[in-house]
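Working notes for the structure below.
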Amino acid sequence: NIDPESLLPKLPSPDELRPFPTTCAVIFKGHEGRVRSVCIDPRGIFLASGGDDGCVRVWEVLTGRQLWSAKLADDDAVDAVRWRPGKDTAILAAAAGEDIYLMVPFSIISPELEQNSRDILDAGWGYAASNPSKTANVVSTKELPAKWSRPGTRLEDKGVLVKVTVRSTVKVINWHRRGEYFATVSPRGQSSSVAIHTLSKHLTQLPFRRLKGLAQSAQFHPSKPIFFVATKNSIRSYDLARQELLKILQPGAKWISSFDVHPGGDNLIVGTYDKRLLWHDLDLSTKPYKTLRYHKEAIRAVRFHQGGLPLFADASDDGSLQIFHGKVVGDLMENATIVPLKVLRGHQIKSRLGVMDIDWHPREPWCVSAGADGTCRLWN
Amino acid sequence: IGPTHDTAEASQSKVQIRLTTRHSDIELPEDPGVLLVSTGLRRYALSSLVNNLLHTEKPIPFEFLINGQFLKTTIDEFLTANGISAESTLTVEYTRALIPPLHVASFEHDDWVSSVDVLSNTSSAGKWAASDSVRAGQERILSASYDGLLRVWNMSAELLAISPPPNNSGRITSVKTAKFLSPTKIVSGGMDMTLRIWNYSDSSDPTESASITPALELYGHNWGIESIAVHTPSSRILSASSDTTVGVWSAKSSEGTPAPMNLLPNSTVASNKRLKLSKNSAKPVPQRGPLSILTGHTSPVSSVIFAPNDSTVAYSASQDHTLRTWDLPTSALVDTRTTGHSLLSLVAMPKINLLATGTSARHITLIDPRTSATTIAALTLRGHTNAVVSLATDPESIYGLVSGSHDGTCRIWDIRSVRPGTTELGGGQVGESVYSIERESAKAAKKVAGDGVKVFGVSWEKEVGIVSVGEDKRVQVNRGTVGNGG
Ligand SMILES: [Mg+2]
C-alpha cells in the first residue's frame with residue numbers, strides 16, 4: 001500500500017527559505033487614529049504613511065524618526081500614499097477624500113532632486129489650455145473627469161504642489177512603472193470609478209464607462225501595456241493599446257479587498273473580506289491556483305516583494321500579517337511553490353480593524369505594516 | 001601555596017597548571033612554574049591564588065581561559081565537558097575580569113541623540129594633539145542630535161557649548177554623526193547632506209564661555225551622511241552616505257575642490273527663495289567640494305573607517321550587505337566581502353586583524369579583511385534583539401568590544417568567549433556578551449524591540465568609560481571600577 005500523500009512533492013520547510021521577516025524592528029508612532037496606507041520609497045530610505053488624521057507623514061525606515069508631514073484634510077482620511085517609481089525624483093502621491101495630492105518633501109532631499117521633482121510636476125501646467133482639442137474629445141461637453149489645480153500657499157510651502165480633484169472619494173493609487181501615469185480607484189464613483197492620470201499633461205481619463213460591479217482596486221501590468229481592474233467578485237485584464245478585454249479572473253470571492261501582480265506579470269494574489277487569500281496563475285485558468293485560509297478576519301491588503309525575493313504577505317483585521325514564500329518558475333510546465341512562513345503579530349485590534357496595509361522594502365526581506373492602532377511597524 | 005591546601009580534600013584529584021597572561025602589568029613577579037591545584041577550584045579560588053602570587057594590596061578580580069574558553073565551572077567540570085585529561089598540564093591564561101559597568105551620569109537633551117564622541121588624553125583626537133592638551137578631569141563629551149545641534153559637555157554633565165543652527169534653506173538639519181578632529185576642531189554630518197567643520201573653543205579663561213563656531217562647509221553628497229571617520233595628521237575626513245558613496249575630504253579649506261554648484265542651498269530657485277526668507281543671520285563660511293567620491297556600493301553606506309595602521313586605506317560597510325576596502329590615493333575599490341545582511345556599523349580590532357560589523361539581523365560579524373583570509377566570517381556575536389548600529393573597542397583589551405543596538409542595550413563582548421554555532425544559524429564560532437547595559441531611562445519598562453529607547457551611538461574611552469546615546473534623548477555614562485577599564 002502506498003500512501004498517496006507520499007507521492008506528492010515535499011514542500012520545503014520555512015527554515016530552508018530564509019531570509020524572511022520574523023521580528024518587529026521599528027514602531028512608527030505619530031498618527032492620530034488609524035493608519036490607512038504605507039509605502040517605502042524606491043531607495044528604501046523613507047516610509048510614507050497616511051491615516052485618519054488627514055496627514056501624510058514621511059519617516060526614516062531604519063529608526064522610526066518622523067521627518068516630514070503635511071495635513072491634507074480636516075475631515076477626510078488619507079486613504080492611499082504611493083511614491084512615484086524611479087530614483088530621478090522624490091514625488092509622493094496621496095489621496096484624501098476626492099483630492100489626490102502630488103508632493104515633494106523638499107526638506108529631506110537635495111536641492112537638485114527637489115528641482116527635478118518640481119520640473120516633472122510643473123511640466124503639465126497649462127497643457128489643457130494650450131491643447132483644447134485633445135482634452136475636448138475626452139470630456140466632450142460633460143463635466144471634466146478631474147480638475148488639476150494648485151493646492152494653495154499653506155500646502156505649497158510644505159512641498160504639496162499639485163491637487164487633482166475627482167468626482168468621488170479615492171481609495172487606491174497605483175503608479176505605472178515609468179512614473180508617467182497613475183491610476184486611482186473611487187469605489188463609489190460609478191462610471192468615473194477608475195481614472196488614469198497623465199502626469200506630464202495634467203490630464204485625467206476615464207477608460208471604463210461601463211464597469212460591471214463596484215471597482216475595488218486597479219493596477220498596471222509590471223511590463224506589458226495591460227491594466228487590471230478588480231470589482232467585488234472578479235478581476236478583469238485589459239489590453240490598453242487595443243482597448244479590449246483580455247481575461248476575467250474569478251477568485252470565487254464574495255468581496256475582493258485588494259490584489260497585487262507578481263513582478264513577472266503572470267501571477268496574481270487576491271485578498272478578500274471573506275478571509276481568503278487566492279493565488280491566480282494567469283497561464284492556468286480563470287479560477288485560483290491556490291486558496292489560502294489562515295486568517296480569522298478580513299484580509300485588507302496583499303503584496304508581492306518587488307525586489308527579486310520570492311516573498312508575499314497579507315494583512316488582516318485579525319491583527320496579524322502572514323508572510324509566504326511564493327516562488328514562480330519561468331518554466332511553463334512547473335507551477336508556483338507556495339509555503340506559509342510566519343505570522344507576525346503586534347498590532348492592536350481597534351474597533352474590529354487590525355492591519356490596514358502593507359508594503360515591502362525594495363531590496364531587503366523587510367516589510368512594513370499600517371495599523372488601525374495608529375502605528376506603522378517594520379518587520380525584519 | 002595557600003588556596004591549594006585550603007580547599008583541596010584528600011579524595012579530590014589534582015591537576016598541574018601553568019599560569020600565563022598577555023598583560024604585562026599583571027605578570028607574576030617570579031615564575032612559579034607548574035602548580036598542583038585541586039580540580040574542585042573555580043574562578044574565585046584561582047583569582048585568590050593569582051592575587052597571592054602578585055602580592056596585590058587590593059585584590060584584582062581575574063577571569064581564566066583554558067584553551068581559549070572562559071572557566072565558568074570547576075576545573076573538573078570544565079575538563080569533563082571538554083574531554084581534557086586531568087593528567088596533562090593545563091595552560092591557564094588569566095585576564096582582568098570585566099567589572100559590570102555602573103551608571104554614573106545621564107545628560108539630558110531636547111531630542112534624540114544620534115552620535116557621541118569623547119575627547120580625552122587617550123582618545124584619537126587627544127593622542128594626535130600635543131601631549132597633555134587634554135588634562136585629566138578635563139575630558140569632553142560631544143553629542144550630536146536630531147534637533148540639528150552639537151553640544152559639548154564636561155564630565156560633571158554641564159553643557160559647555162552648543163552649536164548655532166545651520167541655515168540650509170528649509171531642509172532638515174538633524175545631525176547623524178560628529179567627531180573631534182582635535183581639541184579645537186569638530187566635524188559633523190547629517191541629513192542635510194553637508195559636512196561641517198567647526199571651531200571649538202574650550203576657553204581656559206573661566207569668565208568666558210566655550211563656543212562652537214562654523215568654519216567650513218563641505219558639499220558633494222546627494223543624500224544624508226550616516227557616519228564619518230577622521231585622520232587628523234593628514235587632515236582627511238571620510239563620510240558614509242545614503243547616496244551609496246564614500247566621500248573623501250580635507251578639513252582644510254585650502255585643500256578642497258570648488259563646491260559643486262548643483263548641491264548648494266542657493267542652487268535652485270525654490271531653495272534659494274527659502275534661504276533668503278529664513279531669519280537665520282549666520283555669517284557665510286567657505287564652501288568646498290570633495291577630494292574624491294568612492295563609488296561601488298549599491299545601497300546606502302552606513303559606516304566608514306580608516307584602516308588602523310594605514311591611513312591610505314579605508315573600509316566601508318553598507319546596506320548592500322558588503323564590506324569594501326578602498327585605496328585612498330587612487331580611489332580604487334580593492335576588495336569586496338559579501339555577507340548575508342544589511343551592515344549598519346563598523347569598527348576595527350587592529351591587534352587581532354579583524355573588523356567587527358553590526359547587522360540589521362541583530363548580530364555582529366567579525367571579518368578578517370586581509371585578502372589572504374579564506375573565511376568571510378571569523379566569528380558571530382549573538383544576543384542583541386534588534387539592529388546593531390554602533391560599535392567601539394575596549395580601550396584596555398584587544399579582545400573587547402561594546403555594541404549599541406536598537407534593542408535599547410549596549411552589550412560588552414570578549415571575543416575569546418565563544419562556542420561552536422548551530423547549523424541553523426550558519427555554524428562557525430558564536431560569541432555571547434559578557435554584560436548588557438540598559439538605558440537608565442527605561443529600567444523597569446519592558447520595551448517591544450527597544451521601542452523608545454533605541455541606542456544610536458556608543459563610545460568607550462579609558463578615562464570616561466562607556467558613553468552611549470539614543471532615542472531616550474540622553475547621553476548615558478557607565479563605568480567600571482577605576483583601573484579595571486570600562
Ligand atoms: Mg506558470
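Order determines the names: the first chain of the C-alpha cells is A, the second B, and so forth; residues in each chain are numbered 1 upward, and ligands are numbered 1 upward as they are shown.
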
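The contact shell of ligand 1, defined as all polymer residues within 8 Å when only C-alpha atoms and all ligand atoms are used, comprises Asp266, Asn267, Asp281, Leu282, Asp283, Leu284, Val328, Val329, Gly330, Asp331, Leu332, Met333, Glu334, Asn335 and Ala336 of chain A.
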
Counting only C-alpha atoms, which residues of chain A sit at most 10 Å from some atom of chain B, and what is each one's closest atom pair with its distance in Å to one decimal, listed by chain and rising residue number, as a Markdown table?
| residue | atom | partner | partner_atom | distance |
| --- | --- | --- | --- | --- |
| A:Asp15 | CA | B:Glu424 | CA | 7.8 |
| A:Glu16 | CA | B:Glu424 | CA | 9.2 |
| A:Pro19 | CA | B:Gly340 | CA | 9.0 |
| A:Pro21 | CA | B:Ala361 | CA | 9.9 |
| A:Thr23 | CA | B:Ala449 | CA | 8.3 |
| A:Cys24 | CA | B:Ala449 | CA | 6.4 |
| A:Ala25 | CA | B:Ala449 | CA | 5.7 |
| A:Val26 | CA | B:Ala449 | CA | 6.9 |
| A:Ile27 | CA | B:Asp451 | CA | 6.6 |
| A:Phe28 | CA | B:Asp451 | CA | 9.2 |
| A:Lys29 | CA | B:Gly452 | CA | 9.8 |
| A:Arg43 | CA | B:Ser299 | CA | 7.9 |
| A:Gly44 | CA | B:Ser299 | CA | 8.8 |
| A:Ile45 | CA | B:Ser242 | CA | 8.0 |
| A:Leu62 | CA | B:Ala387 | CA | 8.8 |
| A:Thr63 | CA | B:His406 | CA | 8.1 |
| A:Gly64 | CA | B:Asp451 | CA | 9.3 |
| A:Arg65 | CA | B:Trp112 | CA | 9.1 |
| A:Leu67 | CA | B:Ile172 | CA | 7.7 |
| A:Trp68 | CA | B:Ile172 | CA | 8.8 |
| A:Pro105 | CA | B:Arg171 | CA | 9.4 |
| A:Phe106 | CA | B:Arg171 | CA | 6.8 |
| A:Ser107 | CA | B:Arg171 | CA | 3.8 |
| A:Ile108 | CA | B:Ile172 | CA | 5.9 |
| A:Ile109 | CA | B:Trp223 | CA | 6.7 |
| A:Ser110 | CA | B:Asn222 | CA | 5.9 |
| A:Pro111 | CA | B:Leu263 | CA | 6.1 |
| A:Glu112 | CA | B:Asn262 | CA | 5.9 |
| A:Leu113 | CA | B:Asn222 | CA | 8.3 |
| A:Glu114 | CA | B:Ser271 | CA | 8.5 |
| A:Gln115 | CA | B:Thr268 | CA | 6.7 |
| A:Arg118 | CA | B:Ala270 | CA | 9.2 |
| A:Asp157 | CA | B:Arg274 | CA | 9.4 |
| A:Lys158 | CA | B:Gly170 | CA | 9.9 |
| A:Gly346 | CA | B:Val448 | CA | 9.1 |
| A:Arg363 | CA | B:Asp320 | CA | 8.9 |
| A:Glu364 | CA | B:Ser342 | CA | 8.2 |
| A:Pro365 | CA | B:His341 | CA | 9.8 |
| A:Asn380 | CA | B:Ala361 | CA | 7.5 |

Near-Val302 (chain A) list (6 Å; only C-alpha atoms; drop same-chain fewer than 6 positions) as a VMD selection string: chain A and resid 259 271 313 to 314

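The two atoms in question, CA of Thr204 (chain A) and CA of Asp359 (chain A), are spaced 26.5 Å apart.
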
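If you measure from each of B:Glu217, B:Glu440, B:Val152, B:Arg474 to His103 (chain B) using only C-alpha atoms, the closest one turns out to be B:Glu440.
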
Residue neighbourhood Leu294 (chain B), 9 Å, only C-alpha atoms, exclusion window fewer than 4 positions, as an MDAnalysis selection string: chainID B and resid 244:248 326 328 331:333

Please dump the current selection as a CSV table (one decimal), in the first residue's frame; keep N, CA, C and O atoms.
chain,number,residue,atom,x,y,z
B,244,THR,N,25.0,56.1,-1.5
B,244,THR,CA,25.7,54.9,-1.8
B,244,THR,C,27.2,55.1,-2.0
B,244,THR,O,28.0,54.2,-2.4
B,245,THR,N,27.7,56.3,-1.7
B,245,THR,CA,29.1,56.6,-1.9
B,245,THR,C,29.8,56.9,-0.6
B,245,THR,O,29.2,57.1,0.5
B,246,VAL,N,31.2,56.9,-0.7
B,246,VAL,CA,32.0,57.3,0.4
B,246,VAL,C,32.7,58.6,0.0
B,246,VAL,O,33.3,58.6,-1.1
B,247,GLY,N,32.7,59.6,0.8
B,247,GLY,CA,33.3,60.9,0.4
B,247,GLY,C,34.7,61.0,1.1
B,247,GLY,O,34.8,60.5,2.2
B,248,VAL,N,35.7,61.5,0.3
B,248,VAL,CA,37.0,61.8,0.9
B,248,VAL,C,37.2,63.3,0.9
B,248,VAL,O,37.0,63.9,-0.2
B,326,TRP,N,39.1,50.2,0.3
B,326,TRP,CA,39.4,51.2,-0.7
B,326,TRP,C,40.9,51.6,-0.5
B,326,TRP,O,41.4,51.8,0.6
B,328,LEU,N,42.9,54.8,-0.9
B,328,LEU,CA,42.5,56.2,-1.0
B,328,LEU,C,43.3,57.0,-2.0
B,328,LEU,O,42.7,57.8,-2.7
B,331,SER,N,41.7,56.1,-5.2
B,331,SER,CA,40.3,56.0,-5.1
B,331,SER,C,39.8,54.6,-5.6
B,331,SER,O,38.7,54.5,-6.2
B,332,ALA,N,40.6,53.6,-5.6
B,332,ALA,CA,40.3,52.3,-6.1
B,332,ALA,C,39.6,51.4,-5.1
B,332,ALA,O,40.0,51.4,-4.0
B,333,LEU,N,38.6,50.7,-5.6
B,333,LEU,CA,38.0,49.6,-4.8
B,333,LEU,C,38.9,48.4,-4.9
B,333,LEU,O,39.2,47.9,-5.9

Straight-line distance linking CA of Ala230 (chain A) with CA of Glu297 (chain A), stated in Å to one decimal: 20.5 Å

Contacts of Gly326 (chain A) within 7 Å, only C-alpha atoms, excl. fewer than 4 positions in-chain, as a list in words: Pro310, Leu311, Phe312, Ala336, Thr337, Ile338 and Val339 of chain A

Could those residues be written to a file, using N, CA and C atoms, as a PDB file, in the first residue's frame?
ATOM      1  N   PRO A 310      11.459  35.851  -3.358  1.00  0.00           N
ATOM      2  CA  PRO A 310      10.197  35.103  -3.551  1.00  0.00           C
ATOM      3  C   PRO A 310       9.302  35.181  -2.324  1.00  0.00           C
ATOM      4  N   LEU A 311       8.823  36.382  -2.009  1.00  0.00           N
ATOM      5  CA  LEU A 311       8.035  36.587  -0.799  1.00  0.00           C
ATOM      6  C   LEU A 311       6.755  37.338  -1.126  1.00  0.00           C
ATOM      7  N   PHE A 312       5.679  37.011  -0.411  1.00  0.00           N
ATOM      8  CA  PHE A 312       4.496  37.857  -0.429  1.00  0.00           C
ATOM      9  C   PHE A 312       3.856  37.853   0.943  1.00  0.00           C
ATOM     10  N   ALA A 336       3.812  27.452  -9.380  1.00  0.00           N
ATOM     11  CA  ALA A 336       4.449  28.181  -8.281  1.00  0.00           C
ATOM     12  C   ALA A 336       4.475  27.339  -7.009  1.00  0.00           C
ATOM     13  N   THR A 337       5.559  27.487  -6.237  1.00  0.00           N
ATOM     14  CA  THR A 337       5.660  26.865  -4.916  1.00  0.00           C
ATOM     15  C   THR A 337       5.245  27.895  -3.881  1.00  0.00           C
ATOM     16  N   ILE A 338       4.255  27.533  -3.061  1.00  0.00           N
ATOM     17  CA  ILE A 338       3.744  28.468  -2.058  1.00  0.00           C
ATOM     18  C   ILE A 338       3.864  27.828  -0.682  1.00  0.00           C
ATOM     19  N   VAL A 339       4.585  28.483   0.238  1.00  0.00           N
ATOM     20  CA  VAL A 339       4.788  27.936   1.583  1.00  0.00           C
ATOM     21  C   VAL A 339       4.506  29.041   2.609  1.00  0.00           C
TER      22      VAL A 339
END

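Among B:Val464, B:Ala105, B:Leu65, B:Val285, the residue with the shortest atom-to-atom distance to Val92 (chain B), counting only C-alpha atoms, is B:Leu65.
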
Which of region 40-142 of chain A fall in strand (DSSP E), as a ChimeraX atom specification: /A:40,46-51,55-60,66-71,78-83,92-96,99-103

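Distances to Thr257 (chain B) were evaluated for B:Thr371, B:Ser303, B:Gln287, B:Thr21 using only C-alpha atoms, and the minimum falls at B:Gln287.
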
Secondary structure check, alpha helix (DSSP H) residues of region 270-371 of chain B, as a VMD selection string: chain B and resid 270 to 277

Using N, CA, C and O atoms, can you export the residues from the last selection as an mmCIF file, in the first residue's frame?
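Saved result, selection.cif, follows:
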data_model
loop_
_atom_site.group_PDB
_atom_site.id
_atom_site.type_symbol
_atom_site.label_atom_id
_atom_site.label_comp_id
_atom_site.auth_asym_id
_atom_site.auth_seq_id
_atom_site.Cartn_x
_atom_site.Cartn_y
_atom_site.Cartn_z
ATOM 1 N N ALA B 270 13.665 77.516 -5.927
ATOM 2 C CA ALA B 270 12.849 77.294 -4.734
ATOM 3 C C ALA B 270 13.719 77.299 -3.484
ATOM 4 O O ALA B 270 13.365 77.886 -2.454
ATOM 5 N N SER B 271 14.860 76.639 -3.577
ATOM 6 C CA SER B 271 15.740 76.531 -2.421
ATOM 7 C C SER B 271 16.318 77.900 -2.061
ATOM 8 O O SER B 271 16.396 78.264 -0.887
ATOM 9 N N ASN B 272 16.709 78.656 -3.063
ATOM 10 C CA ASN B 272 17.288 79.977 -2.830
ATOM 11 C C ASN B 272 16.261 80.921 -2.216
ATOM 12 O O ASN B 272 16.586 81.734 -1.341
ATOM 13 N N LYS B 273 15.028 80.796 -2.638
ATOM 14 C CA LYS B 273 13.958 81.642 -2.098
ATOM 15 C C LYS B 273 13.803 81.383 -0.587
ATOM 16 O O LYS B 273 13.720 82.315 0.208
ATOM 17 N N ARG B 274 13.814 80.114 -0.232
ATOM 18 C CA ARG B 274 13.680 79.779 1.198
ATOM 19 C C ARG B 274 14.891 80.257 1.987
ATOM 20 O O ARG B 274 14.768 80.696 3.127
ATOM 21 N N LEU B 275 16.065 80.160 1.347
ATOM 22 C CA LEU B 275 17.296 80.596 2.003
ATOM 23 C C LEU B 275 17.185 82.072 2.368
ATOM 24 O O LEU B 275 17.539 82.491 3.466
ATOM 25 N N LYS B 276 16.646 82.877 1.437
ATOM 26 C CA LYS B 276 16.558 84.310 1.660
ATOM 27 C C LYS B 276 15.462 84.668 2.654
ATOM 28 O O LYS B 276 15.577 85.650 3.379
ATOM 29 N N LEU B 277 14.398 83.869 2.666
ATOM 30 C CA LEU B 277 13.285 84.141 3.578
ATOM 31 C C LEU B 277 13.621 83.792 5.023
ATOM 32 O O LEU B 277 13.019 84.299 5.954
#

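Once Gln250 (chain A) and its same-chain neighbours fewer than 2 positions away are set aside, Ser234, Gly252, Thr286 and Lys287 of chain A remain within 6 Å of it when counting only C-alpha atoms.
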